[in-house]
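A short write-up of the structure that comes next.
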Amino acid sequence: MTREAEIDAMLLQHRVQSFLFHEADLLDRWQLNEWEALFADEASYLVPPTDVDGDFADPSKSLFYIFDDRTRIHERVVRLEKKGAHSEFPRSKTRHLVSNVRASADGDTIEATASFAVWRSKDGNTDIFVGHYAYKLVEIDGALRIAEKKCVLDMDALRPHARISILL
Amino acid sequence: MEQSLRPVVDETRGIYRVPRRAFVDPGVFERECRAIFDKCWLYLGHASELPNPGDYVTRKVAGRPMLFTRDKDDQYHALINVCPHRGAVVCRERKGSSPAFQCMYHGWVFANTGRLMVVPGHAGYPADYKDDPGKQLSHAPRFDRFGDFFFVSFAADGEDLATYLAGAGDYLKLVSEQSSKGMTIVGGTQEYSIRGNWKLLAENSVDGYHAASTHSTYLEYLKNANGSTHDTRLAGFGHDLGNGHAVIEYFAPWGRPIANWIPLWGEEGKREIEAIQQDLTARLGQERAERIAKQSRNMIIFPNLVINDVMAITVRTFWPTAPDYMEVNAWALAPAEESEWLRKFRLFNFTEFLGPGGFATPDDVEAIEKCQTGYQAAREAQYNDISRGMLREGGSAYDDELQMRCFWNEWDRRIQEHGA
């Protein structure tokens, strides 16, 4: 790799990592409208089940946990802002740890992967979601936007808890 | 004095109260294991999970590790997945295809019929050792199918499966008839847990009364997503299917990928949905086709199989491992011949409501877990009330509580029959 290419890679890495850290911060502060604004106009948010290969599974062929298009991402945020979203009212505390970030540019799309651990605490229980993210990012008006966010759970099953009522 | 376990029932005055002790007492849980899970017919799996000879799946049924196989002669087997030699689990993979299974501990090999084939170092045993019936993989004491739904019972004696299913059988057919080629379990299983007593999910799965309150955000979402042109109101009836099974059958505001179109699916979707309805009508007649297409059904088959034919079809089991904890498995069932387009909408529909990431199930989980917390005060605040609709004339409404009473009558009968 030339020195110039190396610097480009470092800048991309830094940019993507900062973006993901910013997203995690918004989620932990429940700034959901700002979180939603991180998505492109055409976007999806996906959580595959744990008994298929989540890196390759297709939500139109396998039953997923979450299979949101852009409209449903919006509706998910609308719902979570309501008191009637009982599972998250009162809101749980969450903490997203994001690490092992890797990014590469492929034309206009930036592909990024990262590891995550998300803690959700409520009513005396603390539950952990562990897995990895696969992002497709695009640049719109100079800013990074999410075209696809896939959260692959590296768990045997969604146990001992059930609720992906928080955003991963 | 210890509080009675029996429901307090007075049909003439419309009283039906269930002691909350039944949800928290470890002794009750032990009795349920013996009186219910050791005796009833329990769901094992669906034929479509074993599409070819040699296929198998492993899963737990009432805590037992099971190996569900299809042999080269297309015979199905419900094997106890435990080595007769020293008791290790034999097949440790979730699913696959194999004519034989080798125990990792001492290397014994079993055919997918359960027959012992190879014993390493056989010289140490008598010549006919391999033929000893006690050295084969055990079969579930009873194993039978109703259409493509397979069940096991761990009791050697009892009524046959069709008798046990009683009126639920016809409702299973209402699901099977949605395809002329056979229904299929779609890949991908939702496997999650709820920190609550298993009977709470049995009740919740057929509860029409809670929708407006628990799922207000989902119903509001439907209005946004589908537009005001599709404003079918929730309305319908509850039915006792016998032997503890019950169903609610009703009209609802959501789209059904079996011939109940919503605007979200577009004009192309409308044509496809119309073709499905024509096929249903040709095969089943106007009345039954109309019923299958337009009405939703939530059914509990006692004790723990739920088949909800709603905005998609889910097959769900839930197994208690303690009074306050259950393991839930949920699958999506669909017509095998469904187009790619419609399959996608079916799965999109499924995830809108159902499962831990849906817009509704998390709130059911919240309700169940909050009930379980409330039952910690079962000595002071003793009873649940499930009397809604008892004195109503002209049939039970979909949002009455007949379904729960059917479940609890059977629960009580079996617990009493078994004794302490």
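Identifiers in this document derive from the order of the structure tokens: chains are assigned A, B, ..., residues are numbered from 1 separately in each chain, and ligands are numbered from 1 in order of occurrence.
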Taking a cut-off of 7 Å and counting only C-alpha atoms, can you build a table that, for each residue of chain B near chain A, reports the nearest atom pair and how far apart they are in Å (one decimal), sorted by chain then residue number, as a Markdown table?
| residue | atom | partner | partner_atom | distance |
| --- | --- | --- | --- | --- |
| B:Val186 | CA | A:Ser62 | CA | 6.1 |
| B:Gly187 | CA | A:Ser62 | CA | 4.8 |
| B:Gly188 | CA | A:Leu63 | CA | 4.8 |
| B:Thr189 | CA | A:Pro49 | CA | 6.2 |
| B:Gln190 | CA | A:Pro49 | CA | 6.0 |
| B:Glu191 | CA | A:Ala157 | CA | 5.5 |
| B:Tyr192 | CA | A:Leu158 | CA | 4.6 |
| B:Ser193 | CA | A:His161 | CA | 5.1 |
| B:Ile194 | CA | A:His161 | CA | 6.0 |
| B:Ser216 | CA | A:Gly84 | CA | 6.4 |
| B:Thr217 | CA | A:Gly84 | CA | 5.8 |
| B:Tyr221 | CA | A:Glu75 | CA | 6.7 |
| B:Ala332 | CA | A:Leu63 | CA | 6.7 |
| B:Arg343 | CA | A:Ser60 | CA | 6.6 |
| B:Lys344 | CA | A:Ser60 | CA | 4.2 |
| B:Leu347 | CA | A:Leu63 | CA | 6.0 |
| B:Phe348 | CA | A:Phe67 | CA | 6.3 |
| B:Thr351 | CA | A:Ile66 | CA | 6.1 |
| B:Gly355 | CA | A:Tyr65 | CA | 6.4 |
| B:Pro356 | CA | A:Arg163 | CA | 4.8 |
| B:Gly357 | CA | A:Ile164 | CA | 4.8 |
| B:Gly358 | CA | A:Ile66 | CA | 6.9 |
| B:Pro362 | CA | A:Arg163 | CA | 5.6 |
| B:Asp363 | CA | A:Ser87 | CA | 5.0 |
| B:Glu366 | CA | A:Ser87 | CA | 5.2 |
Would you please give, as a ChimeraX atom specification, all residues of chain A that DSSP assigns to strand (DSSP E or B) based on the backbone? /A:39-47,66-68,93-106,109-122,125-140,143-153,158
Skipping near chain neighbours, those fewer than 5 positions away, what residues fall within 10 Å of B:Ala166 using only C-alpha atoms, listed as a PyMOL selection string? chain B and resi 161+171+241-245+301
Quick one: pull the distance between atom CA of B:Ala155 and atom CA of B:Tyr43, Å, one decimal.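 Pair atom CA of B:Ala155 / atom CA of B:Tyr43 returns 14.1 Å.
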Tell me, in Å to one decimal, how far atom CA of A:Glu111 is from atom CA of A:Phe129.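 Atom CA of A:Phe129 lies at a distance of 22.3 Å from atom CA of A:Glu111.
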Can you pull out every residue within 12 Å of A:Arg145, counting only C-alpha atoms, but drop anything in the same chain fewer than 3 positions away, and send it as number ranges by chain? A: 15-16, 19-20, 23, 34-44, 108-111, 135-142, 148-149
Save the residues we just selected, N, CA, C and O atoms, as a CSV table (one decimal), in the first residue's frame?
chain,number,residue,atom,x,y,z
A,15,ARG,N,-13.3,8.1,10.0
A,15,ARG,CA,-14.6,8.7,9.7
A,15,ARG,C,-15.7,7.8,10.0
A,15,ARG,O,-16.7,8.1,10.7
A,16,VAL,N,-15.6,6.5,9.6
A,16,VAL,CA,-16.6,5.5,9.9
A,16,VAL,C,-16.7,5.2,11.4
A,16,VAL,O,-17.8,5.2,11.9
A,19,PHE,N,-18.5,7.9,13.1
A,19,PHE,CA,-19.9,7.9,12.7
A,19,PHE,C,-20.6,6.8,13.6
A,19,PHE,O,-21.7,7.1,14.2
A,20,LEU,N,-20.0,5.6,13.7
A,20,LEU,CA,-20.7,4.6,14.5
A,20,LEU,C,-20.7,4.9,16.0
A,20,LEU,O,-21.7,4.6,16.7
A,23,GLU,N,-23.6,7.3,16.4
A,23,GLU,CA,-24.8,6.6,16.4
A,23,GLU,C,-25.1,5.9,17.7
A,23,GLU,O,-26.2,6.0,18.3
A,34,GLU,N,-33.0,11.9,15.9
A,34,GLU,CA,-31.7,12.1,15.4
A,34,GLU,C,-31.1,10.8,14.8
A,34,GLU,O,-30.4,10.8,13.8
A,35,TRP,N,-31.3,9.7,15.5
A,35,TRP,CA,-30.9,8.4,15.0
A,35,TRP,C,-31.5,8.1,13.7
A,35,TRP,O,-30.8,7.7,12.7
A,36,GLU,N,-32.8,8.3,13.6
A,36,GLU,CA,-33.5,8.0,12.3
A,36,GLU,C,-32.9,8.9,11.2
A,36,GLU,O,-32.8,8.4,10.0
A,37,ALA,N,-32.5,10.1,11.5
A,37,ALA,CA,-32.0,11.0,10.4
A,37,ALA,C,-30.7,10.5,9.9
A,37,ALA,O,-30.2,11.0,8.8
A,38,LEU,N,-30.1,9.6,10.5
A,38,LEU,CA,-28.8,9.0,10.0
A,38,LEU,C,-29.0,8.1,8.8
A,38,LEU,O,-28.1,7.7,8.1
A,39,PHE,N,-30.3,7.7,8.6
A,39,PHE,CA,-30.6,6.8,7.5
A,39,PHE,C,-30.8,7.5,6.2
A,39,PHE,O,-31.4,8.6,6.2
A,40,ALA,N,-30.4,6.8,5.1
A,40,ALA,CA,-30.7,7.4,3.8
A,40,ALA,C,-32.2,7.2,3.4
A,40,ALA,O,-32.9,6.5,4.2
A,41,ASP,N,-32.6,7.8,2.3
A,41,ASP,CA,-34.0,7.7,2.0
A,41,ASP,C,-34.5,6.2,1.7
A,41,ASP,O,-35.6,5.9,1.9
A,42,GLU,N,-33.6,5.5,1.1
A,42,GLU,CA,-33.8,4.1,0.9
A,42,GLU,C,-32.9,3.3,1.9
A,42,GLU,O,-31.7,3.4,1.8
A,43,ALA,N,-33.5,2.6,2.8
A,43,ALA,CA,-32.6,2.0,3.8
A,43,ALA,C,-33.3,0.8,4.5
A,43,ALA,O,-34.5,0.7,4.4
A,44,SER,N,-32.5,0.0,5.1
A,44,SER,CA,-33.1,-1.1,5.8
A,44,SER,C,-32.3,-1.4,7.1
A,44,SER,O,-31.2,-1.0,7.3
A,108,ASP,N,-19.4,4.0,-4.6
A,108,ASP,CA,-20.0,5.0,-3.8
A,108,ASP,C,-20.4,4.5,-2.4
A,108,ASP,O,-20.9,5.2,-1.6
A,109,THR,N,-20.3,3.1,-2.3
A,109,THR,CA,-20.8,2.5,-1.0
A,109,THR,C,-19.6,2.2,-0.1
A,109,THR,O,-18.5,1.7,-0.6
A,110,ILE,N,-19.7,2.5,1.1
A,110,ILE,CA,-18.7,2.1,2.1
A,110,ILE,C,-19.3,0.9,2.9
A,110,ILE,O,-20.4,1.0,3.4
A,111,GLU,N,-18.5,-0.1,2.9
A,111,GLU,CA,-18.9,-1.3,3.7
A,111,GLU,C,-18.2,-1.3,5.0
A,111,GLU,O,-16.9,-1.1,5.0
A,135,TYR,N,-22.6,-2.8,8.0
A,135,TYR,CA,-23.2,-1.6,7.5
A,135,TYR,C,-22.9,-1.4,6.0
A,135,TYR,O,-21.9,-1.8,5.5
A,136,LYS,N,-23.9,-0.8,5.3
A,136,LYS,CA,-23.6,-0.2,4.0
A,136,LYS,C,-23.9,1.3,4.2
A,136,LYS,O,-25.0,1.7,4.6
A,137,LEU,N,-22.9,2.1,4.0
A,137,LEU,CA,-23.0,3.5,4.2
A,137,LEU,C,-22.8,4.2,2.8
A,137,LEU,O,-22.1,3.7,1.9
A,138,VAL,N,-23.5,5.3,2.7
A,138,VAL,CA,-23.4,6.1,1.5
A,138,VAL,C,-23.1,7.6,1.9
A,138,VAL,O,-23.4,7.9,3.1
A,139,GLU,N,-22.6,8.3,1.0
A,139,GLU,CA,-22.3,9.7,1.3
A,139,GLU,C,-23.4,10.6,0.6
A,139,GLU,O,-23.6,10.5,-0.6
A,140,ILE,N,-24.1,11.4,1.4
A,140,ILE,CA,-25.1,12.3,0.9
A,140,ILE,C,-24.8,13.7,1.4
A,140,ILE,O,-24.8,13.9,2.6
A,141,ASP,N,-24.7,14.6,0.4
A,141,ASP,CA,-24.3,16.0,0.8
A,141,ASP,C,-23.2,16.1,1.8
A,141,ASP,O,-23.2,16.8,2.8
A,142,GLY,N,-22.2,15.3,1.5
A,142,GLY,CA,-21.0,15.3,2.3
A,142,GLY,C,-21.0,14.6,3.7
A,142,GLY,O,-20.1,14.6,4.4
A,148,GLU,N,-27.9,0.4,4.9
A,148,GLU,CA,-28.3,-0.8,5.5
A,148,GLU,C,-27.6,-1.0,6.8
A,148,GLU,O,-26.4,-0.8,6.8
A,149,LYS,N,-28.3,-1.4,7.8
A,149,LYS,CA,-27.7,-1.8,9.1
A,149,LYS,C,-28.2,-3.2,9.4
A,149,LYS,O,-29.4,-3.4,9.6
